[in-house]
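So this block is upload10.txt, compact mmCIF, C-alpha atoms (C1' of nucleotides):
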```txt
# COMPACT_ATOMS: atom_id res chain seq x y z
CA MET I 18 0.00 0.00 0.00
CA THR I 19 2.93 2.32 0.50
CA THR I 20 4.70 1.65 -2.78
CA ASP I 21 3.16 2.83 -6.00
CA PRO I 22 5.43 2.80 -9.06
CA HIS I 23 3.29 5.10 -11.21
CA SER I 24 2.42 8.31 -9.51
CA THR I 25 2.68 12.06 -9.48
CA ALA I 26 5.91 11.66 -7.55
CA GLY I 27 6.66 12.91 -4.08
CA PRO I 28 8.47 16.14 -3.31
CA ALA I 29 11.83 14.74 -2.35
CA SER I 30 12.34 11.03 -2.85
CA GLY I 31 14.00 9.76 -5.98
CA HIS I 32 11.99 6.59 -5.98
CA GLY I 33 9.08 6.33 -8.30
CA HIS I 34 6.48 6.21 -5.59
CA ASP I 35 3.78 8.44 -4.31
CA HIS I 36 5.59 9.97 -1.44
CA ALA I 37 2.78 12.29 -0.54
CA HIS I 38 0.91 9.15 0.29
CA CYS I 39 3.74 7.98 2.57
CA ILE I 40 3.54 11.21 4.47
CA ALA I 41 -0.22 11.28 4.75
CA ASP I 42 -0.18 7.70 5.85
CA ALA I 43 2.45 8.29 8.48
CA LEU I 44 0.55 11.25 9.89
CA MET I 45 -2.65 9.29 10.02
CA ARG I 46 -1.06 6.43 11.86
CA ALA I 47 0.58 8.85 14.24
CA ASP I 48 -2.75 10.52 14.96
CA ALA I 49 -4.35 7.17 15.64
CA LEU I 50 -1.54 5.93 17.82
CA CYS I 51 -1.36 9.06 19.92
CA ALA I 52 -5.11 9.19 20.34
CA GLU I 53 -5.05 5.60 21.48
CA ARG I 54 -2.36 6.33 24.04
CA GLY I 55 -3.59 9.68 25.16
CA ALA I 56 -0.37 11.26 23.96
CA ARG I 57 -0.58 14.79 22.63
CA LEU I 58 0.50 15.04 19.05
CA THR I 59 0.56 18.82 19.01
CA ALA I 60 0.72 20.95 15.89
CA LEU I 61 4.44 21.43 16.37
CA ARG I 62 5.16 17.76 16.82
CA ARG I 63 3.01 16.85 13.90
CA GLN I 64 4.84 19.40 11.79
CA VAL I 65 8.21 17.97 12.78
CA LEU I 66 6.99 14.46 12.05
CA GLU I 67 5.93 15.60 8.63
CA LEU I 68 9.31 17.16 7.97
CA VAL I 69 11.08 14.00 9.07
CA TRP I 70 8.97 12.15 6.56
CA ASN I 71 9.87 14.53 3.77
CA SER I 72 12.07 11.82 2.34
CA HIS I 73 13.27 8.35 3.10
CA LYS I 74 16.65 9.69 4.03
CA PRO I 75 17.62 10.21 7.63
CA ARG I 76 17.64 13.93 8.35
CA GLY I 77 19.70 15.84 10.86
CA ALA I 78 17.96 17.80 13.58
CA TYR I 79 19.30 21.05 12.21
CA ALA I 80 18.07 20.30 8.71
CA ILE I 81 14.62 19.83 10.16
CA LEU I 82 15.12 22.99 12.16
CA GLU I 83 15.81 24.95 9.00
CA ASP I 84 12.73 23.61 7.28
CA LEU I 85 10.65 24.39 10.29
CA SER I 86 11.97 27.92 10.54
CA GLN I 87 11.20 28.44 6.89
CA ARG I 88 7.68 27.16 7.21
CA GLU I 89 6.98 29.19 10.28
CA GLY I 90 8.56 32.23 8.71
CA LYS I 91 10.60 32.87 11.82
CA ALA I 92 13.68 31.44 13.44
CA THR I 93 13.08 28.46 15.65
CA ALA I 94 15.39 27.31 18.42
CA PRO I 95 17.15 23.93 18.22
CA LEU I 96 15.53 22.90 21.44
CA THR I 97 12.11 23.13 19.89
CA VAL I 98 13.04 20.52 17.33
CA TYR I 99 14.90 18.32 19.79
CA ARG I 100 11.98 18.25 22.13
CA ALA I 101 9.60 17.30 19.37
CA LEU I 102 11.99 14.62 18.16
CA GLU I 103 12.35 13.27 21.67
CA PHE I 104 8.60 12.88 21.89
CA LEU I 105 8.39 11.22 18.51
CA VAL I 106 11.22 8.83 19.26
CA GLU I 107 9.73 7.94 22.63
CA HIS I 108 6.48 7.01 20.98
CA GLY I 109 8.21 5.04 18.28
CA LEU I 110 7.09 7.33 15.49
CA VAL I 111 10.63 8.26 14.56
CA HIS I 112 13.93 6.44 14.84
CA ARG I 113 17.31 7.91 15.44
CA ILE I 114 20.08 6.62 13.23
CA GLU I 115 23.00 6.67 15.62
CA SER I 116 25.71 6.36 13.03
CA LEU I 117 24.43 9.46 11.24
CA ASN I 118 23.13 11.55 14.10
CA ALA I 119 19.94 11.74 12.13
CA TYR I 120 16.28 10.92 12.31
CA ILE I 121 13.93 8.97 10.10
CA GLY I 122 10.26 8.12 10.18
CA CYS I 123 9.33 4.73 11.53
CA ALA I 124 7.90 2.38 8.95
CA ALA I 125 5.74 0.47 11.39
CA PRO I 126 4.91 2.50 14.47
CA GLY I 127 3.14 0.61 17.19
CA ALA I 128 4.73 -2.69 16.23
CA VAL I 129 7.79 -4.29 17.78
CA HIS I 130 10.83 -2.07 17.40
CA SER I 131 14.19 -3.59 17.15
CA GLY I 132 15.53 -0.75 15.06
CA GLN I 133 17.31 -2.31 12.14
CA PHE I 134 18.36 -0.29 9.13
CA LEU I 135 20.05 -0.68 5.80
CA VAL I 136 21.69 2.66 5.12
CA CYS I 137 22.94 3.40 1.62
CA GLU I 138 26.16 5.38 1.65
CA THR I 139 25.60 6.58 -1.89
CA CYS I 140 22.05 7.89 -2.06
CA GLY I 141 21.53 8.29 1.66
CA ASN I 142 18.30 6.36 1.77
CA ALA I 143 17.67 4.16 4.76
CA VAL I 144 15.34 1.21 4.76
CA GLU I 145 13.95 -0.07 8.00
CA ILE I 146 13.91 -3.80 8.36
CA ASP I 147 12.85 -5.95 11.23
CA ASP I 148 14.32 -9.33 10.71
CA PRO I 149 13.38 -11.89 13.33
CA ARG I 150 16.61 -13.80 12.71
CA ILE I 151 18.72 -10.82 13.64
CA ARG I 152 16.54 -10.12 16.63
CA ALA I 153 16.77 -13.76 17.66
CA ALA I 154 20.52 -13.92 17.19
CA ILE I 155 20.99 -10.85 19.33
CA GLY I 156 18.68 -12.23 21.98
CA THR I 157 20.53 -15.50 22.05
CA ILE I 158 24.00 -14.10 22.34
CA ALA I 159 22.90 -11.57 24.91
CA ALA I 160 21.41 -14.35 26.99
CA GLU I 161 24.63 -16.31 26.69
CA HIS I 162 26.43 -13.34 28.17
CA GLY I 163 23.83 -12.83 30.87
CA PHE I 164 23.17 -9.47 29.29
CA GLN I 165 19.73 -7.94 29.57
CA VAL I 166 18.84 -6.12 26.38
CA SER I 167 16.99 -2.84 26.48
CA ARG I 168 17.63 -1.40 23.06
CA PRO I 169 19.31 -3.23 20.21
CA THR I 170 20.70 -1.10 17.42
CA VAL I 171 21.54 -2.47 14.02
CA GLU I 172 22.69 -0.11 11.31
CA VAL I 173 24.14 -1.68 8.22
CA ARG I 174 26.08 0.67 5.97
CA GLY I 175 26.49 -0.25 2.35
CA THR I 176 25.06 0.26 -1.12
CA CYS I 177 21.46 -0.23 -2.11
CA THR I 178 20.32 -2.03 -5.25
CA ASP I 179 19.58 1.13 -7.22
CA CYS I 180 22.99 2.64 -6.54
CA GLN I 181 24.75 -0.60 -7.41
CA GLU I 182 23.07 -0.60 -10.79
CA LYS I 183 24.05 2.97 -11.47
CA THR I 184 27.71 2.24 -10.75
CA PRO I 185 28.51 -1.25 -12.01
CA MET A 7 44.84 -14.94 29.44
CA THR A 8 43.27 -11.53 29.74
CA THR A 9 41.16 -12.25 32.81
CA ASP A 10 42.87 -12.71 36.14
CA PRO A 11 40.63 -12.57 39.20
CA HIS A 12 43.41 -12.03 41.71
CA SER A 13 45.64 -9.17 40.81
CA THR A 14 47.02 -5.79 41.70
CA ALA A 15 44.02 -4.31 39.91
CA GLY A 16 44.01 -2.02 36.91
CA PRO A 17 43.85 1.75 37.18
CA ALA A 18 40.29 2.25 36.05
CA SER A 19 38.24 -0.88 35.51
CA GLY A 20 36.02 -2.12 38.28
CA HIS A 21 36.46 -5.72 37.24
CA GLY A 22 38.77 -7.87 39.25
CA HIS A 23 41.25 -8.33 36.48
CA ASP A 24 44.76 -7.23 35.76
CA HIS A 25 44.00 -4.34 33.53
CA ALA A 26 47.61 -3.31 33.19
CA HIS A 27 48.01 -6.56 31.41
CA CYS A 28 45.15 -5.73 29.04
CA ILE A 29 46.86 -2.50 28.13
CA ALA A 30 50.30 -4.00 27.69
CA ASP A 31 48.82 -6.74 25.61
CA ALA A 32 46.91 -4.35 23.40
CA LEU A 33 50.00 -2.26 22.82
CA MET A 34 52.07 -5.29 21.96
CA ARG A 35 49.57 -6.53 19.47
CA ALA A 36 49.33 -3.08 17.97
CA ASP A 37 53.09 -2.89 17.60
CA ALA A 38 53.16 -6.26 15.91
CA LEU A 39 50.27 -5.50 13.61
CA CYS A 40 51.62 -2.16 12.50
CA ALA A 41 55.11 -3.55 11.96
CA GLU A 42 53.60 -6.28 9.84
CA ARG A 43 51.71 -3.76 7.74
CA GLY A 44 54.36 -1.11 7.54
CA ALA A 45 52.01 1.29 9.33
CA ARG A 46 53.61 3.86 11.59
CA LEU A 47 52.44 3.54 15.16
CA THR A 48 54.01 6.79 16.28
CA ALA A 49 54.51 7.82 19.89
CA LEU A 50 51.41 9.96 19.76
CA ARG A 51 49.22 7.26 18.29
CA ARG A 52 50.54 4.72 20.73
CA GLN A 53 49.80 7.12 23.56
CA VAL A 54 46.23 7.63 22.36
CA LEU A 55 45.76 3.89 22.00
CA GLU A 56 46.93 3.46 25.55
CA LEU A 57 44.49 6.08 26.77
CA VAL A 58 41.65 4.45 24.91
CA TRP A 59 42.55 1.24 26.67
CA ASN A 60 42.54 2.89 30.08
CA SER A 61 39.27 1.12 30.78
CA HIS A 62 36.77 -1.11 29.10
CA LYS A 63 34.39 1.76 28.75
CA PRO A 64 34.02 3.64 25.51
CA ARG A 65 35.66 7.03 25.88
CA GLY A 66 34.82 10.26 24.14
CA ALA A 67 37.44 11.95 22.00
CA TYR A 68 37.47 14.94 24.31
CA ALA A 69 38.00 12.78 27.37
CA ILE A 70 41.02 11.28 25.68
CA LEU A 71 42.08 14.76 24.71
CA GLU A 72 42.04 15.86 28.32
CA ASP A 73 44.09 12.91 29.43
CA LEU A 74 46.55 13.50 26.69
CA SER A 75 46.89 17.18 27.51
CA GLN A 76 47.51 16.29 31.13
CA ARG A 77 50.16 13.74 30.29
CA GLU A 78 51.90 16.05 27.92
CA GLY A 79 51.63 18.90 30.37
CA LYS A 80 50.31 21.18 27.66
CA ALA A 81 47.06 21.75 25.84
CA THR A 82 46.53 19.55 22.83
CA ALA A 83 44.20 20.33 19.95
CA PRO A 84 41.17 18.15 19.25
CA LEU A 85 42.45 17.46 15.80
CA THR A 86 45.49 15.74 17.20
CA VAL A 87 43.36 13.20 18.95
CA TYR A 88 40.95 12.80 16.06
CA ARG A 89 43.78 12.12 13.67
CA ALA A 90 45.24 9.50 15.93
CA LEU A 91 41.84 7.91 16.43
CA GLU A 92 41.25 7.88 12.70
CA PHE A 93 44.47 5.99 12.19
CA LEU A 94 43.65 3.53 14.95
CA VAL A 95 40.15 2.93 13.68
CA GLU A 96 41.40 2.46 10.13
CA HIS A 97 43.77 -0.21 11.29
CA GLY A 98 41.15 -1.91 13.38
CA LEU A 99 42.90 -1.21 16.66
CA VAL A 100 40.04 0.86 17.97
CA HIS A 101 36.31 0.83 17.35
CA ARG A 102 33.95 3.72 17.37
CA ILE A 103 30.70 3.22 19.26
CA GLU A 104 28.28 5.19 17.15
CA SER A 105 25.52 5.38 19.70
CA LEU A 106 27.86 6.98 22.23
CA ASN A 107 30.16 9.01 20.00
CA ALA A 108 32.95 7.22 21.78
CA TYR A 109 35.91 4.98 21.17
CA ILE A 110 37.01 1.66 22.59
CA GLY A 111 39.97 -0.64 22.10
CA CYS A 112 39.44 -3.58 19.80
CA ALA A 113 39.51 -6.93 21.51
CA ALA A 114 40.83 -8.82 18.52
CA PRO A 115 42.72 -6.57 16.13
CA GLY A 116 43.70 -8.21 12.90
CA ALA A 117 40.76 -10.59 12.94
CA VAL A 118 37.44 -10.16 11.15
CA HIS A 119 35.66 -7.05 12.31
CA SER A 120 31.94 -6.93 12.28
CA GLY A 121 31.79 -4.52 15.19
CA GLN A 122 29.26 -5.92 17.61
CA PHE A 123 28.96 -4.60 21.13
CA LEU A 124 27.04 -5.16 24.31
CA VAL A 125 26.95 -1.77 26.01
CA CYS A 126 25.88 -1.60 29.65
CA GLU A 127 23.84 1.50 30.37
CA THR A 128 24.59 1.30 34.07
CA CYS A 129 28.34 0.84 34.39
CA GLY A 130 29.25 2.00 30.91
CA ASN A 131 31.33 -1.02 30.07
CA ALA A 132 31.18 -2.34 26.54
CA VAL A 133 32.01 -5.88 25.56
CA GLU A 134 32.95 -6.66 22.02
CA ILE A 135 31.41 -9.76 20.60
CA ASP A 136 31.65 -11.24 17.16
CA ASP A 137 28.83 -13.63 16.77
CA PRO A 138 28.75 -15.48 13.47
CA ARG A 139 24.97 -15.90 13.73
CA ILE A 140 24.43 -12.16 13.83
CA ARG A 141 26.89 -11.66 11.02
CA ALA A 142 25.20 -14.37 9.02
CA ALA A 143 21.72 -13.03 9.67
CA ILE A 144 22.75 -9.58 8.54
CA GLY A 145 24.41 -11.01 5.45
CA THR A 146 21.34 -12.99 4.57
CA ILE A 147 18.84 -10.22 4.93
CA ALA A 148 21.08 -7.78 3.12
CA ALA A 149 21.34 -10.23 0.24
CA GLU A 150 17.58 -10.60 0.20
CA HIS A 151 17.32 -6.85 -0.24
CA GLY A 152 20.05 -6.76 -2.85
CA PHE A 153 21.99 -4.61 -0.45
CA GLN A 154 25.76 -4.69 -0.53
CA VAL A 155 27.15 -4.43 2.98
CA SER A 156 30.24 -2.38 3.68
CA ARG A 157 30.07 -1.87 7.40
CA PRO A 158 27.61 -3.53 9.73
CA THR A 159 27.09 -1.90 13.10
CA VAL A 160 25.52 -3.72 16.02
CA GLU A 161 25.30 -1.95 19.35
CA VAL A 162 23.10 -3.55 21.95
CA ARG A 163 22.21 -1.36 24.90
CA GLY A 164 21.19 -2.99 28.13
CA THR A 165 22.44 -4.14 31.50
CA CYS A 166 25.40 -6.41 32.10
CA THR A 167 25.43 -9.32 34.53
CA ASP A 168 27.30 -7.48 37.27
CA CYS A 169 24.93 -4.54 37.25
CA GLN A 170 21.88 -6.80 37.25
CA GLU A 171 23.16 -8.47 40.39
CA LYS A 172 23.76 -5.18 42.13
CA THR A 173 20.20 -4.01 41.43
CA PRO A 174 17.89 -6.99 41.70
C1' DG U 1 75.97 15.77 1.73
C1' DG U 2 72.10 18.06 -0.55
C1' DT U 3 67.39 18.21 -1.94
C1' DC U 4 62.97 16.91 -2.51
C1' DA U 5 58.56 14.44 -1.56
C1' DT U 6 55.76 12.54 1.84
C1' DG U 7 53.41 11.94 5.92
C1' DG U 8 52.79 13.38 10.65
C1' DC U 9 51.85 16.99 13.56
C1' DG U 10 50.71 21.96 15.32
C1' DT U 11 47.63 26.10 15.13
C1' DT U 12 43.55 28.43 14.45
C1' DA U 13 39.06 28.88 13.26
C1' DT U 14 34.73 27.09 12.40
C1' DC U 15 30.95 23.92 11.94
C1' DT U 16 27.49 20.56 13.54
C1' DT U 17 25.03 18.40 17.11
C1' DA U 18 23.00 18.54 21.62
C1' DT U 19 21.85 20.21 26.26
C1' DT U 20 21.14 23.23 30.48
C1' DA U 21 18.70 26.82 32.84
C1' DC U 22 15.03 29.65 33.21
C1' DA U 23 10.69 32.13 31.75
C1' DT U 24 6.06 31.97 29.72
C1' DC U 25 1.85 30.25 27.94
C1' DG U 26 -2.37 27.63 27.84
C1' DC U 27 -5.26 24.00 29.05
C1' DC U 28 -7.73 21.28 32.48
C1' DG U 29 -9.50 19.91 37.00
C1' DG U 30 -10.91 21.43 41.36
C1' DC V 3 -11.25 31.68 39.56
C1' DC V 4 -6.98 29.51 40.34
C1' DG V 5 -3.41 26.07 40.97
C1' DG V 6 -0.77 22.83 38.57
C1' DC V 7 1.22 20.64 34.83
C1' DG V 8 2.76 19.91 30.38
C1' DA V 9 4.22 22.37 26.13
C1' DT V 10 6.72 25.98 24.16
C1' DG V 11 9.95 30.14 23.90
C1' DT V 12 14.61 32.34 24.77
C1' DA V 13 19.42 32.49 25.62
C1' DA V 14 23.60 30.58 26.46
C1' DT V 15 26.79 26.99 26.18
C1' DA V 16 28.64 22.27 26.03
C1' DA V 17 30.27 18.44 23.24
C1' DG V 18 31.73 16.43 19.06
C1' DA V 19 34.05 16.97 14.63
C1' DT V 20 36.31 19.09 10.63
C1' DA V 21 38.57 22.64 7.40
C1' DA V 22 42.51 25.32 5.96
C1' DC V 23 47.09 26.26 6.34
C1' DG V 24 51.86 25.53 7.31
C1' DC V 25 55.99 23.57 9.64
C1' DC V 26 59.06 19.80 10.40
C1' DA V 27 61.04 15.12 10.52
C1' DT V 28 61.97 11.17 7.83
C1' DG V 29 63.67 8.64 4.15
C1' DA V 30 64.48 8.01 -0.96
C1' DC V 31 67.18 9.54 -4.49
C1' DC V 32 70.84 12.06 -6.86
```

I'd like the structure from this file rewritten - as structure tokens, please.
Amino acid sequence: MTTDPHSTAGPASGHGHDHAHCIADALMRADALCAERGARLTALRRQVLELVWNSHKPRGAYAILEDLSQREGKATAPLTVYRALEFLVEHGLVHRIESLNAYIGCAAPGAVHSGQFLVCETCGNAVEIDDPRIRAAIGTIAAEHGFQVSRPTVEVRGTCTDCQEKTP
Amino acid sequence: MTTDPHSTAGPASGHGHDHAHCIADALMRADALCAERGARLTALRRQVLELVWNSHKPRGAYAILEDLSQREGKATAPLTVYRALEFLVEHGLVHRIESLNAYIGCAAPGAVHSGQFLVCETCGNAVEIDDPRIRAAIGTIAAEHGFQVSRPTVEVRGTCTDCQEKTP
DNA sequence: GGTCATGGCGTTATCTTATTACATCGCCGG
DNA sequence: CCGGCGATGTAATAAGATAACGCCATGACC
């Protein structure tokens, strides 16, 4: 439902999919999830979520800040963005890519979050995956070490299919 | 060979092991590895490596910088440390923990590096693991996505055995 | 021995990312 | 109405990282 090869094209992504749909979808799910939890998805937070979703590339907090300032027509403080991001991350609507100091919209908010990503070093896109084998392997080895897992982070750097084709 | 319950105790680690031995060992291996490769492990780089090894906790570049400045008796520039760290990371003597913006000595330099860590959120210690199952699982799923892996990063946050025992 | 190229290091400035401290606003329950 | 709490605004600053430039030691080569 989120991939649509023929479309009017989204504003930022290079993929041939209806990115506007991605955004709308993400916002809808966020609304639903927050309503369900009694969390307050304020205008500001919603705005930041939308900006995070502007592409499928992880975006730095200050990039988002710039966009936000532009939209609002006035300078916004970093803290404003960081606070919104903190909220969004806490509620699993956004993930932080540690190896990039950047943020990306969650593909499946509400579901189990083990936070696994394939990050393309060429185009910058990041695809969220949630492979049970990886999760299981981590769980197993952690148990073997008597280590109690709270937050597993898997970020695989490399080259995505598209970029491989472009540079054979 | 690296764990020795009865000892004169290392300078920083809380574990009951001879940490001085860890350090000496790490330096020796680094010397050997660099000699083998024709890489120049200069006095400065060796010093930084030693400081990284001062504990089994990941250390920030600026923490190392402070130590270095103190040892040298004069202020050192950040770049100095970053350059040394870059060299050490390139040669697999040190790993960068992305989720902490910090650096830690490699437990098995020269061997395969997939960079997997169990990071305790309580005591700050990080244990390097290299589980073939995790590596395999990442390889498999990457292949399924047509994704070419260059650098997998696995950083598992949680609580280590010792800290679990202390807070039951 | 001279000289030249290279790589390591020093100096300074600057950039990006993130947080601390404190004030204000607005909504909701009592 | 008012107290309290969560959200936002403002200002300053910490922490992490890099850019631009140049000097100096080392070692190869003549």

Contacts of region 134-136 of chain A at 12 Å (all atoms listed in the file; same-chain gap of 5+ positions) as a ChimeraX atom specification
/I:154-155,158-159,161-162,164 /A:62-64,100-103,110-115,117-126,141-142,158-162

Report the closest atom pair, with its distance in Å rounded to one decimal, for each residue of chain A that has an atom no farther than 8 Å from chain V; count only C-alpha atoms (C1' of nucleotides), sort by chain and then rising residue number, and write it as a tab-separated table.
```
residue	atom	partner	partner_atom	distance
A:Ala67	CA	V:DG18	C1'	7.8
A:Tyr68	CA	V:DG18	C1'	7.9
A:Asn107	CA	V:DG18	C1'	7.6
```

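Here CA of Gly130 (chain A) stands at a distance of 12.2 Å from CA of Tyr109 (chain A).
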
Nearest to Arg46 (chain A) by atom-to-atom distance, counting all atoms listed in the file, from A:Ile29, A:Leu94, A:Ala69, A:Cys166:
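Counting all atoms listed in the file, the residue closest to Arg46 (chain A) is A:Leu94.
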
Separation of CA of Leu96 (chain I) from CA of Gly109 (chain I) in Å:
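We find that CA of Gly109 (chain I) and CA of Leu96 (chain I) lie 19.6 Å from each other.
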
Could you please tell me, as a PDB file with C-alpha atoms, keeping the file's coordinate frame, which residues of chain A have an atom within 9 Å of chain U when using all atoms listed in the file?
```
ATOM      1  CA  THR A  48      54.010   6.790  16.280  1.00  0.00           C
ATOM      2  CA  THR A  82      46.530  19.550  22.830  1.00  0.00           C
ATOM      3  CA  ALA A  83      44.200  20.330  19.950  1.00  0.00           C
ATOM      4  CA  THR A  86      45.490  15.740  17.200  1.00  0.00           C
TER       5      THR A  86
END
```
